[in-house]
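Quick notes on the structure that follows.
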Amino acid sequence: MNANVTMAFLVAVLLAMAASPVAADPYEDGLAAFNKSDYANAIKLFEPLADQGDPRAQIQLGIIYYLGLGTSKDSAKAAMLYRKAADQGSAIAQQDLAELYFFGDGVAQDYGLAAKWYLRAANQGNAISLYKLGLMAAKGQGIPQDNVQAYRWLKDAVSRYPSGTDRDSATKALNVVGKNLTAAELAEAQRPIPVAIDADTVGTWEIRANGGRWVLEIDADDTYKFHSEAPDGIAPHAGTFSANGGHWSLQATNGYSDGGSYTFQPPDSLAMSGRLGTGTWHRAASATSN
């Protein structure tokens, strides 16, 4: 599957979603315009919503610019829009952003970043991302080569794909990887994919502290980055991060460690206790990392 096929499939899905002839809000108006191939009006309607942070509009605009519908094709702008929606947790945007990094379309080709964004979408059950991660793990492409993990991801992808050519491709890849596993490895691969981090904690979080802003970036690959924008002289640090079952911990590469309890408060707050007491972090409006 290539990026063009994925985008075409997404366009078809969005067209199906636009079956109602009566538009109920600006987004629906934009979708109706898109469905009628009135792309100029669709862009006019979607852009204010995208600027206000609506991930649906950001994704739709990304598709329009990626395919060059009613405007010049601009993969870089599409990537920027997908990134904004991806940072808000949209699995579709995360998958599409990963595709752009994988193929080097609109962004510099980077298999590591492709794997990072595929993983975020896969953690939400996105079949395409599970399939692509399985292939990448089997090849050691952007992530360490690991046939056991590849088998797990491919097996999950097969279970989530509807019947059709995509499921057939995933099944074929699963069988190929399975032939390279020992009996012990196959038994290990048949076990459920281990959950190391609560998907609700993944993202960029901020809190007001010491007269400024603290920023905590939690990644789905069990890593984190922290930096302070307050005048407190706290040095940035990074390392490994885990969060599961209401308990979190981190271990920085500089030796610092912390941990405690957490509670996710939908849609965008994370209450965490730790060495410094309890504070409520809020999902950042925009992220600063790749």
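Ordering of the structure tokens sets the chain letters (A, B, ...); residue numbers start at 1 within each chain; ligands are numbered from 1 in the order shown.
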I'd like a table as a Markdown table: residues in segment 68-148 of chain A with an atom no more than 9 Å from segment 221-229 of chain A, each row giving the shortest atom pair and its distance in Å to one decimal, only C-alpha atoms counted, sorted by chain and rising residue number.
```
| residue | atom | partner | partner_atom | distance |
| --- | --- | --- | --- | --- |
| A:Lys116 | CA | A:Asp221 | CA | 7.1 |
| A:Leu119 | CA | A:Asp221 | CA | 7.5 |
| A:Arg120 | CA | A:Asp221 | CA | 8.3 |
```
Please produce a file of those selected residues containing N, CA and C atoms, as a PDB file, in the first residue's frame.
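Dumped to again-v1.pdb:
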```
ATOM      1  N   LYS A 116       7.380   6.100  14.658  1.00  0.00           N
ATOM      2  CA  LYS A 116       6.840   6.781  15.836  1.00  0.00           C
ATOM      3  C   LYS A 116       5.362   7.103  15.657  1.00  0.00           C
ATOM      4  N   LEU A 119       3.145   4.006  15.341  1.00  0.00           N
ATOM      5  CA  LEU A 119       2.930   3.391  16.646  1.00  0.00           C
ATOM      6  C   LEU A 119       1.805   4.090  17.406  1.00  0.00           C
ATOM      7  N   ARG A 120       1.776   5.413  17.331  1.00  0.00           N
ATOM      8  CA  ARG A 120       0.703   6.136  18.027  1.00  0.00           C
ATOM      9  C   ARG A 120      -0.667   5.755  17.469  1.00  0.00           C
TER      10      ARG A 120
END
```
Notebook entry, point to check: Any idea what's packed within 12 Å of Lys179 of chain A, counting only C-alpha atoms, ignoring anything in its chain fewer than 4 positions away? Could you give it as a list in words?
Noted result: Ala138, Asn147, Val148, Tyr151, Lys172, Ala173, Leu174, Asn175, Ala183, Glu185 and Leu186 of chain A
Next item on the list: Would you work out the distance separating atom CA of Ala252 of chain A from atom CA of Trp205 of chain A, expressed in Å to one decimal?
Entry: 17.4 Å
Notebook entry, point to check: What is the atom CA of Asn244 of chain A to atom CA of Gln124 of chain A distance in Å?
Noted result: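 Atom-to-atom, atom CA of Asn244 of chain A and atom CA of Gln124 of chain A are spaced 15.3 Å apart.
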Skip Gly30 of chain A itself and residues of its chain fewer than 6 positions away, then list as a PDB file with N, CA and C atoms, in the first residue's frame all residues within 7 Å of it, counting only C-alpha atoms.
```pdb
ATOM      1  N   ALA A  42     -14.990  24.657  -0.054  1.00  0.00           N
ATOM      2  CA  ALA A  42     -14.624  23.752   1.030  1.00  0.00           C
ATOM      3  C   ALA A  42     -13.412  24.292   1.789  1.00  0.00           C
ATOM      4  N   LEU A  45     -14.364  27.174   3.981  1.00  0.00           N
ATOM      5  CA  LEU A  45     -15.100  26.781   5.179  1.00  0.00           C
ATOM      6  C   LEU A  45     -14.219  26.040   6.175  1.00  0.00           C
ATOM      7  N   PHE A  46     -13.296  25.231   5.675  1.00  0.00           N
ATOM      8  CA  PHE A  46     -12.473  24.423   6.568  1.00  0.00           C
ATOM      9  C   PHE A  46     -11.354  25.225   7.231  1.00  0.00           C
TER      10      PHE A  46
END
```
Note to self: Write out as a ChimeraX atom specification the set of residues from segment 24-270 of chain A that DSSP, computed on the backbone, places in strand (DSSP E).
What the structure shows: /A:203-209,212-218,223-228,237-244,247-252,257-265,269-270
Check: How many Å separate atom CA of Ala85 of chain A from atom CA of Ala285 of chain A?
Finding: 10.3 Å
Note to self: Run DSSP on the backbone and tell me which residues of segment 45-259 of chain A come out as helix (DSSP H, G or I); list them as a PyMOL selection string.
What the structure shows: chain A and resi 45-51+55-67+75-87+91-103+111-122+127-139+147-160+165-179+183-189+199-201
Notebook entry, point to check: A:Pro26, A:Gly164, A:Gly212, A:Pro236: which is nearest Leu49 of chain A, counting only C-alpha atoms?
Noted result: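 Using only C-alpha atoms, Leu49 of chain A sits closest to A:Pro26.
The protein and nucleic acid residues lying at most 12 Å from Trp214 of chain A are Thr204, Trp205, Glu206, Ile207, Arg208, Ala209, Lys225, Phe226, His227, Ser228, Glu229, Ala230, Pro231, Asp232, Gly233, Ile234, Ala235, Pro236, His237, Gly279, Thr280, Trp281, His282, Arg283 and Ala284 of chain A, with only C-alpha atoms considered and sequence neighbours fewer than 5 positions away removed.
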For Ala98 of chain A: contacts at 7 Å, only C-alpha atoms, fewer than 6 positions along chain excluded, given as a short mmCIF file (atom, residue, chain, number, x, y, z; two decimals) with N, CA and C atoms, in the first residue's frame:
```cif
data_model
loop_
_atom_site.label_atom_id
_atom_site.label_comp_id
_atom_site.auth_asym_id
_atom_site.auth_seq_id
_atom_site.Cartn_x
_atom_site.Cartn_y
_atom_site.Cartn_z
N LEU A 113 10.78 8.46 12.40
CA LEU A 113 9.58 9.25 12.68
C LEU A 113 8.33 8.58 12.12
N ALA A 114 8.49 7.90 11.00
CA ALA A 114 7.35 7.15 10.46
C ALA A 114 6.89 6.10 11.47
N ALA A 115 7.85 5.36 12.03
CA ALA A 115 7.51 4.33 13.02
C ALA A 115 6.88 4.95 14.25
N TRP A 117 5.01 7.66 14.50
CA TRP A 117 3.62 8.05 14.28
C TRP A 117 2.73 6.85 13.95
N TYR A 118 3.29 5.84 13.26
CA TYR A 118 2.53 4.61 13.06
C TYR A 118 2.19 3.98 14.41
#
```
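Closest approach to Asp258 of chain A among A:Gly246, A:Gly178, A:Gly211, A:Gly274: A:Gly274, based on only C-alpha atoms.
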Notebook entry, point to check: For Ser269 of chain A, which of A:Leu250, A:Val202, A:Leu67, A:Ala184 is the closest residue, counting only C-alpha atoms?
Noted result: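 Of A:Leu250, A:Val202, A:Leu67, A:Ala184, the one nearest Ser269 of chain A, counting only C-alpha atoms, is A:Val202.
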Next item on the list: Using only C-alpha atoms, determine which residues lie at most 8 Å from Tyr66 of chain A, disregarding the query and same-chain residues fewer than 3 positions distant; provide the list as a list in words.
Entry: Gly62, Ile63, Lys73, Asp74, Ser75, Lys77 and Ala78 of chain A
